[in-house]
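Participant: What follows is coords18.txt; its format and atoms are compact mmCIF, C-alpha atoms.
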```txt
# COMPACT_ATOMS: atom_id res chain seq x y z
CA MET A 251 0.00 0.00 0.00
CA ALA A 252 1.56 3.29 -1.08
CA LEU A 253 2.08 5.98 1.49
CA GLY A 254 0.30 8.56 -0.64
CA LYS A 255 -2.93 6.62 -0.58
CA ASP A 256 -2.90 6.47 3.20
CA TYR A 257 -2.59 10.19 3.63
CA ALA A 258 -5.18 11.05 0.97
CA THR A 259 -7.89 11.89 3.48
CA GLN A 260 -5.63 14.28 5.39
CA GLU A 261 -6.59 17.86 4.53
CA CYS A 262 -3.25 19.40 5.29
CA SER A 263 -0.22 20.70 3.43
CA MET A 264 2.12 18.85 5.82
CA ALA A 265 0.42 15.57 4.92
CA ARG A 266 0.63 16.40 1.21
CA ALA A 267 4.33 17.10 1.59
CA LEU A 268 4.76 13.74 3.33
CA GLU A 269 3.02 12.04 0.42
CA ILE A 270 5.92 13.25 -1.70
CA VAL A 271 8.91 13.04 0.64
CA GLY A 272 7.67 10.85 3.51
CA GLU A 273 8.61 7.43 2.17
CA ARG A 274 11.47 5.61 3.78
CA TRP A 275 14.87 6.91 2.67
CA THR A 276 13.48 9.71 0.52
CA LEU A 277 14.54 12.55 2.84
CA LEU A 278 18.01 11.03 3.16
CA VAL A 279 18.37 10.88 -0.63
CA ILE A 280 17.48 14.60 -0.67
CA ARG A 281 19.98 15.26 2.12
CA ASP A 282 22.72 13.57 0.12
CA ALA A 283 21.74 15.56 -2.98
CA LEU A 284 22.06 18.78 -0.93
CA TYR A 285 25.51 17.61 0.17
CA GLY A 286 26.47 17.39 -3.51
CA VAL A 287 25.96 13.68 -4.18
CA ARG A 288 24.81 13.23 -7.79
CA ARG A 289 25.80 9.77 -8.95
CA TYR A 290 23.88 6.56 -8.54
CA ASN A 291 26.84 4.62 -7.12
CA ASP A 292 27.59 7.37 -4.61
CA PHE A 293 24.01 7.37 -3.30
CA LEU A 294 24.13 3.58 -3.21
CA VAL A 295 27.31 3.25 -1.18
CA HIS A 296 26.47 6.11 1.18
CA LEU A 297 22.90 5.05 1.94
CA GLY A 298 23.56 1.30 1.85
CA ILE A 299 20.08 0.53 0.52
CA PRO A 300 18.97 -2.04 -2.06
CA ARG A 301 19.35 -0.96 -5.68
CA ALA A 302 15.62 -1.33 -6.33
CA VAL A 303 14.75 1.02 -3.45
CA LEU A 304 17.26 3.62 -4.59
CA ALA A 305 16.08 3.43 -8.20
CA ALA A 306 12.45 3.86 -7.09
CA ARG A 307 13.32 6.88 -4.91
CA LEU A 308 15.38 8.56 -7.63
CA HIS A 309 12.59 7.99 -10.13
CA SER A 310 9.92 9.37 -7.82
CA LEU A 311 12.00 12.43 -6.87
CA THR A 312 12.66 13.12 -10.56
CA GLU A 313 8.92 12.78 -11.33
CA HIS A 314 8.13 15.32 -8.59
CA GLY A 315 10.70 17.80 -9.85
CA ILE A 316 12.95 17.53 -6.79
CA LEU A 317 15.85 15.98 -8.71
CA GLU A 318 16.75 16.45 -12.37
CA LYS A 319 18.31 13.66 -14.41
CA ARG A 320 21.28 14.84 -16.48
CA ARG A 321 23.38 12.87 -18.93
CA TYR A 322 27.03 13.37 -18.10
CA GLN A 323 28.58 10.72 -20.35
CA GLU A 324 27.40 9.28 -23.66
CA SER A 325 29.41 6.10 -24.10
CA PRO A 326 28.45 4.21 -22.10
CA PRO A 327 25.43 6.38 -21.23
CA ARG A 328 25.56 7.64 -17.65
CA ASP A 329 23.15 10.00 -15.87
CA GLU A 330 23.50 11.94 -12.70
CA TYR A 331 20.78 13.35 -10.44
CA VAL A 332 21.03 17.04 -9.63
CA ILE A 333 18.89 18.71 -7.01
CA THR A 334 16.49 21.38 -8.34
CA GLY A 335 15.30 24.61 -6.76
CA ARG A 336 12.28 22.73 -5.46
CA GLY A 337 14.57 20.24 -3.72
CA ILE A 338 16.86 22.96 -2.39
CA ALA A 339 13.77 24.53 -0.80
CA LEU A 340 13.63 21.50 1.53
CA TRP A 341 16.87 22.52 3.21
CA PRO A 342 15.19 24.45 6.07
CA THR A 343 13.04 21.41 6.84
CA LEU A 344 15.96 18.98 6.90
CA ARG A 345 18.15 21.35 8.86
CA SER A 346 15.53 21.98 11.52
CA LEU A 347 14.99 18.23 11.84
CA GLY A 348 18.69 17.65 12.49
CA LEU A 349 18.85 20.58 14.91
CA TRP A 350 15.86 19.22 16.79
CA ASN A 351 17.55 15.85 17.27
CA ARG A 352 20.80 17.36 18.48
CA GLU A 353 19.17 19.76 20.90
CA GLN A 354 16.57 17.42 22.32
CA TYR A 355 18.76 14.38 22.80
CA ASN A 356 22.01 16.21 23.61
CA GLU A 357 23.81 14.65 20.68
CA VAL A 358 27.39 15.59 19.92
CA GLN A 359 27.51 17.70 16.79
CA LEU A 360 28.25 15.62 13.70
CA ARG A 361 28.35 18.41 11.14
CA SER A 362 28.45 22.13 11.52
CA PHE A 363 26.85 24.47 8.99
CA ARG A 364 28.49 27.86 8.59
CA HIS A 365 28.31 30.97 6.47
CA ALA A 366 31.07 30.41 3.88
CA ASP A 367 31.83 34.14 3.63
CA CYS A 368 32.67 34.68 7.31
CA GLY A 369 32.78 31.23 8.99
CA THR A 370 29.99 31.99 11.47
CA GLU A 371 27.88 29.02 12.53
CA LEU A 372 24.30 29.40 11.30
CA GLY A 373 21.56 30.22 13.81
CA PRO A 374 18.32 28.28 14.26
CA TYR A 375 16.69 29.86 11.18
CA GLY A 376 19.71 29.41 8.92
CA GLU A 377 20.75 32.99 9.54
CA CYS A 378 24.25 34.40 9.99
CA ALA A 379 24.18 36.53 13.13
CA ALA A 380 27.46 38.25 12.16
CA CYS A 381 26.24 39.36 8.71
CA GLY A 382 22.55 39.71 9.65
CA THR A 383 21.32 37.70 6.65
CA VAL A 384 19.61 34.40 5.94
CA VAL A 385 22.36 32.48 4.16
CA PRO A 386 21.54 31.08 0.69
CA VAL A 387 22.04 27.31 0.54
CA GLU A 388 24.96 27.60 -1.91
CA ASP A 389 26.82 29.77 0.62
CA VAL A 390 26.51 27.26 3.44
CA LEU A 391 29.83 25.62 4.32
CA MET A 392 29.52 22.15 5.82
CA VAL A 393 32.31 21.27 8.27
CA PRO A 394 32.75 17.94 10.12
CA GLY A 395 31.85 18.21 13.81
CA PRO A 396 33.50 16.50 16.82
CA GLY A 397 31.02 13.59 16.87
CA LEU A 398 31.65 12.45 13.31
CA ASP A 399 33.05 8.93 12.94
CA PRO A 400 32.73 8.08 9.26
CA ASP A 401 32.90 4.67 7.66
CA PRO A 402 36.41 4.49 6.13
CA ALA A 403 35.15 2.09 3.46
CA ASP A 404 32.61 4.61 2.14
CA PRO A 405 34.10 7.05 -0.39
CA VAL A 406 31.20 9.50 0.14
CA SER A 407 31.76 9.67 3.90
CA ARG A 408 35.48 10.11 3.22
CA ALA A 409 34.88 12.92 0.73
CA LEU A 410 32.54 14.64 3.22
CA LEU A 411 35.36 14.83 5.77
CA LYS A 412 36.66 17.91 3.99
CA PRO A 413 34.78 21.18 4.51
CA LYS A 414 32.62 21.82 1.44
CA ARG A 415 29.84 24.05 0.28
CA LEU A 416 26.38 22.55 -0.01
CA LEU A 417 25.26 21.75 -3.60
CA GLN A 418 28.86 21.78 -4.92
CA PRO A 419 29.29 18.42 -6.69
CA LEU A 420 30.99 15.87 -4.48
CA GLU A 421 34.12 14.27 -5.94
CA THR A 422 34.50 10.68 -4.83
CA GLY A 423 36.37 9.19 -7.77
CA GLN A 424 33.50 6.70 -8.31
CA VAL A 425 31.87 6.52 -11.74
CA MET B 107 12.41 -4.47 9.46
CA ALA B 108 12.27 -1.42 11.69
CA LEU B 109 13.13 1.91 10.20
CA GLY B 110 15.61 2.68 12.97
CA LYS B 111 17.77 -0.30 12.09
CA ASP B 112 17.97 0.81 8.48
CA TYR B 113 19.26 4.25 9.31
CA ALA B 114 21.77 3.01 11.91
CA THR B 115 24.76 3.40 9.59
CA GLN B 116 23.88 7.00 8.73
CA GLU B 117 26.18 9.34 10.63
CA CYS B 118 23.84 12.32 10.64
CA SER B 119 21.52 14.09 13.04
CA MET B 120 18.80 14.26 10.37
CA ALA B 121 18.90 10.49 10.02
CA ARG B 122 18.78 10.07 13.79
CA ALA B 123 15.75 12.34 13.95
CA LEU B 124 14.08 10.24 11.25
CA GLU B 125 14.73 7.11 13.32
CA ILE B 126 12.45 8.68 15.92
CA VAL B 127 9.83 10.52 13.86
CA GLY B 128 10.25 9.06 10.36
CA GLU B 129 7.86 6.13 10.61
CA ARG B 130 4.62 6.30 8.69
CA TRP B 131 2.02 8.48 10.40
CA THR B 132 4.30 9.57 13.24
CA LEU B 133 4.69 13.17 12.05
CA LEU B 134 0.94 13.43 11.51
CA VAL B 135 0.28 12.24 15.07
CA ILE B 136 2.63 15.02 16.24
CA ARG B 137 0.85 17.52 13.98
CA ASP B 138 -2.49 16.58 15.55
CA ALA B 139 -1.00 16.88 19.04
CA LEU B 140 0.23 20.39 18.16
CA TYR B 141 -3.31 21.20 17.01
CA GLY B 142 -4.54 20.25 20.49
CA VAL B 143 -5.68 16.66 19.87
CA ARG B 144 -5.08 14.62 23.05
CA ARG B 145 -7.51 11.74 23.10
CA TYR B 146 -7.10 8.34 21.53
CA ASN B 147 -10.47 8.39 19.79
CA ASP B 148 -9.81 11.85 18.37
CA PHE B 149 -6.49 10.76 16.87
CA LEU B 150 -8.18 7.63 15.57
CA VAL B 151 -11.04 9.35 13.76
CA HIS B 152 -8.91 12.17 12.41
CA LEU B 153 -6.07 10.02 11.10
CA GLY B 154 -8.24 7.10 10.01
CA ILE B 155 -5.52 4.55 10.76
CA PRO B 156 -5.78 1.07 12.28
CA ARG B 157 -5.94 0.98 16.09
CA ALA B 158 -2.77 -1.11 16.31
CA VAL B 159 -0.79 1.44 14.29
CA LEU B 160 -2.06 4.35 16.37
CA ALA B 161 -1.34 2.52 19.64
CA ALA B 162 2.20 1.72 18.47
CA ARG B 163 2.85 5.34 17.45
CA LEU B 164 1.49 6.77 20.72
CA HIS B 165 3.59 4.29 22.67
CA SER B 166 6.76 5.10 20.74
CA LEU B 167 6.22 8.86 20.99
CA THR B 168 5.66 8.55 24.74
CA GLU B 169 8.83 6.45 25.07
CA HIS B 170 10.81 9.13 23.25
CA GLY B 171 9.45 11.92 25.43
CA ILE B 172 7.53 13.62 22.62
CA LEU B 173 4.10 12.91 24.15
CA GLU B 174 3.22 12.50 27.81
CA LYS B 175 0.49 10.13 28.96
CA ARG B 176 -1.85 11.70 31.54
CA ARG B 177 -4.76 10.10 33.36
CA TYR B 178 -7.79 12.34 33.00
CA GLN B 179 -10.46 9.99 34.35
CA GLU B 180 -10.24 7.20 36.93
CA SER B 181 -13.43 5.21 36.46
CA PRO B 182 -13.21 3.84 33.90
CA PRO B 183 -9.50 4.72 33.56
CA ARG B 184 -8.80 7.00 30.60
CA ASP B 185 -5.54 8.57 29.51
CA GLU B 186 -4.79 11.39 27.17
CA TYR B 187 -1.59 12.19 25.30
CA VAL B 188 -0.21 15.67 25.73
CA ILE B 189 2.62 17.04 23.64
CA THR B 190 5.80 17.87 25.57
CA GLY B 191 8.36 20.62 25.04
CA ARG B 192 10.38 18.17 22.98
CA GLY B 193 7.39 17.60 20.72
CA ILE B 194 6.57 21.29 20.50
CA ALA B 195 10.15 21.82 19.29
CA LEU B 196 9.18 19.96 16.09
CA TRP B 197 6.79 22.73 15.07
CA PRO B 198 9.34 24.59 12.88
CA THR B 199 10.05 21.34 11.01
CA LEU B 200 6.39 20.54 10.38
CA ARG B 201 5.55 24.10 9.48
CA SER B 202 8.38 24.39 6.97
CA LEU B 203 7.32 21.09 5.42
CA GLY B 204 3.77 22.38 4.88
CA LEU B 205 5.04 25.69 3.56
CA TRP B 206 7.31 23.90 1.12
CA ASN B 207 4.40 21.90 -0.29
CA ARG B 208 2.19 24.93 -0.70
CA GLU B 209 4.85 27.08 -2.34
CA GLN B 210 6.32 24.44 -4.62
CA TYR B 211 3.09 22.95 -5.91
CA ASN B 212 0.97 26.11 -5.83
CA GLU B 213 -1.51 24.59 -3.44
CA VAL B 214 -4.42 26.64 -2.16
CA GLN B 215 -3.87 27.49 1.49
CA LEU B 216 -5.64 25.03 3.80
CA ARG B 217 -4.74 26.59 7.12
CA SER B 218 -3.24 29.92 7.95
CA PHE B 219 -1.00 30.44 11.00
CA ARG B 220 -1.08 33.87 12.58
CA HIS B 221 0.24 35.74 15.56
CA ALA B 222 -2.68 35.59 18.04
CA ASP B 223 -1.83 38.99 19.54
CA CYS B 224 -2.09 40.98 16.29
CA GLY B 225 -3.52 38.65 13.61
CA THR B 226 -0.49 38.93 11.31
CA GLU B 227 0.25 35.86 9.18
CA LEU B 228 3.55 34.28 10.21
CA GLY B 229 6.56 34.65 7.92
CA PRO B 230 8.72 31.78 6.62
CA TYR B 231 10.63 31.44 9.90
CA GLY B 232 7.56 31.59 12.11
CA GLU B 233 8.17 35.27 12.77
CA CYS B 234 5.62 38.08 13.06
CA ALA B 235 6.80 40.88 10.78
CA ALA B 236 4.48 43.38 12.49
CA CYS B 237 5.80 42.71 16.01
CA GLY B 238 9.36 41.76 14.97
CA THR B 239 9.41 38.57 17.06
CA VAL B 240 9.50 34.83 16.53
CA VAL B 241 6.07 33.78 17.80
CA PRO B 242 5.98 31.12 20.56
CA VAL B 243 3.93 28.10 19.52
CA GLU B 244 1.23 28.77 22.13
CA ASP B 245 0.66 32.21 20.59
CA VAL B 246 0.07 30.86 17.09
CA LEU B 247 -3.55 31.14 15.98
CA MET B 248 -4.63 28.54 13.42
CA VAL B 249 -7.32 29.77 11.03
CA PRO B 250 -8.99 27.73 8.25
CA GLY B 251 -7.79 28.77 4.78
CA PRO B 252 -9.76 28.97 1.52
CA GLY B 253 -8.76 25.49 0.34
CA LEU B 254 -10.06 23.63 3.39
CA ASP B 255 -12.82 21.11 2.69
CA PRO B 256 -13.18 19.07 5.88
CA ASP B 257 -14.88 15.73 6.29
CA PRO B 258 -18.24 16.54 7.94
CA ALA B 259 -18.31 13.10 9.60
CA ASP B 260 -15.05 13.78 11.46
CA PRO B 261 -15.55 15.67 14.74
CA VAL B 262 -11.86 16.69 14.83
CA SER B 263 -12.04 18.28 11.36
CA ARG B 264 -15.25 20.03 12.41
CA ALA B 265 -13.71 21.34 15.63
CA LEU B 266 -10.69 22.61 13.67
CA LEU B 267 -12.98 24.78 11.53
CA LYS B 268 -12.99 27.38 14.28
CA PRO B 269 -9.87 29.51 14.73
CA LYS B 270 -7.89 28.17 17.68
CA ARG B 271 -4.51 28.52 19.29
CA LEU B 272 -2.03 25.70 18.83
CA LEU B 273 -1.62 23.40 21.88
CA GLN B 274 -4.94 24.51 23.38
CA PRO B 275 -6.89 21.25 24.02
CA LEU B 276 -9.33 20.53 21.23
CA GLU B 277 -12.94 20.02 22.31
CA THR B 278 -14.71 17.48 20.12
CA GLY B 279 -17.23 16.05 22.57
CA GLN B 280 -15.72 12.56 22.04
CA VAL B 281 -14.57 10.58 25.10
```
Can you dump the structure from the file as structure tokens?
Facilitator:
Amino acid sequence: MALGKDYATQECSMARALEIVGERWTLLVIRDALYGVRRYNDFLVHLGIPRAVLAARLHSLTEHGILEKRRYQESPPRDEYVITGRGIALWPTLRSLGLWNREQYNEVQLRSFRHADCGTELGPYGECAACGTVVPVEDVLMVPGPGLDPDPADPVSRALLKPKRLLQPLETGQV
Amino acid sequence: MALGKDYATQECSMARALEIVGERWTLLVIRDALYGVRRYNDFLVHLGIPRAVLAARLHSLTEHGILEKRRYQESPPRDEYVITGRGIALWPTLRSLGLWNREQYNEVQLRSFRHADCGTELGPYGECAACGTVVPVEDVLMVPGPGLDPDPADPVSRALLKPKRLLQPLETGQV
């Protein structure tokens, strides 16, 4: 039974959003896309999910205009999945979800999100207190936090050990 | 296979949050609790989910400190589920998810969220532009929007037709 069907009677924009992004793994695919993951094998190794599940999620997110499929190589044909403006607009939701977990359960910080221009850690609304602006997603610098203990066998986790801007394509060396 | 197990390898506070609130229906139970729903039968009729699923979600949310079980009647014994500070802290996440859906898919507004003190519609960060403050959840007034078409057979939907403050207990007349 599809999730969408279950929520159909719910008159609510939150429920409608969950029809689109509420399936298992979908929000984590979007998170990875915000981090700059674009290639099928990178999503696969980082999420550790079955190929069929990943293919279904990528297809659904492309259908809903959250990812865009782009051919990056012709022979053999290879596509990558690039996050769209609609997908980027989910950043405040994902960020506030992570912040909630850290604050409520006293988790050690795994990643810190900063204003790339000045290095200031973003406030609860994604704002830079030093510059007095809400920071655009492409100007957010992601820096590993003290609690991060990445899987050394995962090239995506390894690549994310270096500070990087969100959205900037992640280079893992995988095809 | 439980969702939590699947996300266990994901070194990320968003993934950890989804272990707690990412199961089907969980975020909609929290939404209802923010709207002031407290009683089992009210959740049941409004969500339209099987009793076993609702009971499991209420149990899990209570275990995680997001809802608190309170006895409101001794004979026969009846409990209600009241949202805690930890649950209230999910409001920015849920609100931004609803806002995303409405903006990205040009949905008609179903509910409007306003500052109770002055009636101003909240901005994208839950702020009141007129008063220059971020509005505390208990001061948010929920008002039906033009797109709302509630189920007349559902006493919760009917009760939510009147403007009400978030968190304020919802009166449906159901036990």
Participant: Extract, using all atoms listed in the file, all DNA, RNA and protein residues at most 9 Å from A:Pro342, discarding same-chain residues fewer than 5 positions from it, and format them as an MDAnalysis selection string.
Facilitator: (chainID A and resid 347 375:376) or (chainID B and resid 198:199 202:203)
Participant: Restricting the calculation to all atoms listed in the file: of B:Thr239, B:Ser119, B:Gln179, B:Thr226, which residue gets closest to chain A?
Facilitator: B:Ser119
Participant: I'd like a table as CSV: residues in chain B with an atom no more than 9 Å from chain A, each row giving the shortest atom pair and its distance in Å to one decimal, only C-alpha atoms counted, sorted by chain and rising residue number.
Facilitator:
```
residue,atom,partner,partner_atom,distance
B:Leu109,CA,A:Arg274,CA,7.6
B:Asp112,CA,A:Ile299,CA,8.2
B:Tyr113,CA,A:Leu297,CA,8.3
B:Thr115,CA,A:Leu297,CA,8.0
B:Gln116,CA,A:Leu297,CA,7.1
B:Glu117,CA,A:Pro400,CA,6.8
B:Cys118,CA,A:Leu360,CA,6.3
B:Ser119,CA,A:Gly348,CA,4.6
B:Met120,CA,A:Gly348,CA,4.0
B:Ala121,CA,A:Leu278,CA,6.9
B:Arg122,CA,A:Asn351,CA,6.9
B:Ala123,CA,A:Asn351,CA,5.2
B:Leu124,CA,A:Leu347,CA,8.1
B:Ile126,CA,A:Asn351,CA,8.9
B:Gly128,CA,A:Arg274,CA,7.5
B:Glu129,CA,A:Arg274,CA,7.7
B:Arg130,CA,A:Gly272,CA,7.5
B:Trp131,CA,A:Tyr257,CA,8.4
B:Leu133,CA,A:Ala265,CA,8.7
B:Leu134,CA,A:Ala265,CA,6.9
B:Arg137,CA,A:Met264,CA,8.4
B:His152,CA,A:Gln260,CA,8.0
B:Leu153,CA,A:Gln260,CA,7.1
B:Gly154,CA,A:Thr259,CA,8.1
B:Ile155,CA,A:Asp256,CA,8.2
B:Arg192,CA,A:Gln354,CA,6.3
B:Ala195,CA,A:Trp350,CA,6.8
B:Leu196,CA,A:Trp350,CA,6.8
B:Pro198,CA,A:Ser346,CA,6.9
B:Thr199,CA,A:Thr343,CA,5.1
B:Leu200,CA,A:Met264,CA,6.5
B:Arg201,CA,A:Met264,CA,7.3
B:Ser202,CA,A:Thr343,CA,5.5
B:Leu203,CA,A:Met264,CA,5.7
B:Gly204,CA,A:Met264,CA,4.0
B:Leu205,CA,A:Ser263,CA,7.3
B:Trp206,CA,A:Ala339,CA,6.8
B:Asn207,CA,A:Ala267,CA,5.2
B:Arg208,CA,A:Ser263,CA,6.4
B:Gln210,CA,A:Arg336,CA,6.3
B:Glu213,CA,A:Ser263,CA,8.0
B:Gln215,CA,A:Ser263,CA,7.9
B:Leu216,CA,A:Cys262,CA,6.3
B:Arg217,CA,A:Cys262,CA,7.6
B:Tyr231,CA,A:Tyr375,CA,6.4
B:Gly253,CA,A:Glu261,CA,9.0
B:Leu254,CA,A:Glu261,CA,6.8
B:Asp255,CA,A:Glu261,CA,7.3
B:Pro256,CA,A:Glu261,CA,6.8
B:Asp257,CA,A:Thr259,CA,8.5
B:Ser263,CA,A:Glu261,CA,8.7
```
Participant: Write the residues of the selection above to a file with C-alpha atoms, as a CSV table (one decimal), in the coordinates of the input.
Facilitator:
```csv
chain,number,residue,atom,x,y,z
B,109,LEU,CA,13.1,1.9,10.2
B,112,ASP,CA,18.0,0.8,8.5
B,113,TYR,CA,19.3,4.2,9.3
B,115,THR,CA,24.8,3.4,9.6
B,116,GLN,CA,23.9,7.0,8.7
B,117,GLU,CA,26.2,9.3,10.6
B,118,CYS,CA,23.8,12.3,10.6
B,119,SER,CA,21.5,14.1,13.0
B,120,MET,CA,18.8,14.3,10.4
B,121,ALA,CA,18.9,10.5,10.0
B,122,ARG,CA,18.8,10.1,13.8
B,123,ALA,CA,15.8,12.3,14.0
B,124,LEU,CA,14.1,10.2,11.2
B,126,ILE,CA,12.4,8.7,15.9
B,128,GLY,CA,10.2,9.1,10.4
B,129,GLU,CA,7.9,6.1,10.6
B,130,ARG,CA,4.6,6.3,8.7
B,131,TRP,CA,2.0,8.5,10.4
B,133,LEU,CA,4.7,13.2,12.0
B,134,LEU,CA,0.9,13.4,11.5
B,137,ARG,CA,0.8,17.5,14.0
B,152,HIS,CA,-8.9,12.2,12.4
B,153,LEU,CA,-6.1,10.0,11.1
B,154,GLY,CA,-8.2,7.1,10.0
B,155,ILE,CA,-5.5,4.6,10.8
B,192,ARG,CA,10.4,18.2,23.0
B,195,ALA,CA,10.2,21.8,19.3
B,196,LEU,CA,9.2,20.0,16.1
B,198,PRO,CA,9.3,24.6,12.9
B,199,THR,CA,10.0,21.3,11.0
B,200,LEU,CA,6.4,20.5,10.4
B,201,ARG,CA,5.6,24.1,9.5
B,202,SER,CA,8.4,24.4,7.0
B,203,LEU,CA,7.3,21.1,5.4
B,204,GLY,CA,3.8,22.4,4.9
B,205,LEU,CA,5.0,25.7,3.6
B,206,TRP,CA,7.3,23.9,1.1
B,207,ASN,CA,4.4,21.9,-0.3
B,208,ARG,CA,2.2,24.9,-0.7
B,210,GLN,CA,6.3,24.4,-4.6
B,213,GLU,CA,-1.5,24.6,-3.4
B,215,GLN,CA,-3.9,27.5,1.5
B,216,LEU,CA,-5.6,25.0,3.8
B,217,ARG,CA,-4.7,26.6,7.1
B,231,TYR,CA,10.6,31.4,9.9
B,253,GLY,CA,-8.8,25.5,0.3
B,254,LEU,CA,-10.1,23.6,3.4
B,255,ASP,CA,-12.8,21.1,2.7
B,256,PRO,CA,-13.2,19.1,5.9
B,257,ASP,CA,-14.9,15.7,6.3
B,263,SER,CA,-12.0,18.3,11.4
```
Participant: B:Ala259, B:Glu174, B:Leu160, B:Glu244: which is nearest B:Gln274, counting all atoms listed in the file?
Facilitator: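 Looking only at the distances to B:Gln274, the closest residue turns out to be B:Glu244.
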Participant: Could you tell me how far atom CA of A:Leu411 lies from atom CA of A:Ala302, in Å and to one decimal?
Facilitator: 28.2 Å
Participant: Can you list, as a list in words, every protein, DNA or RNA residue that comes within 9 Å of B:Asp223 when you count only C-alpha atoms, leaving out same-chain residues fewer than 2 positions away?
Facilitator: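 Residues meeting the cut-off are Arg220, His221, Gly225, Thr226, Asp245, Val246 and Leu247 of chain B.
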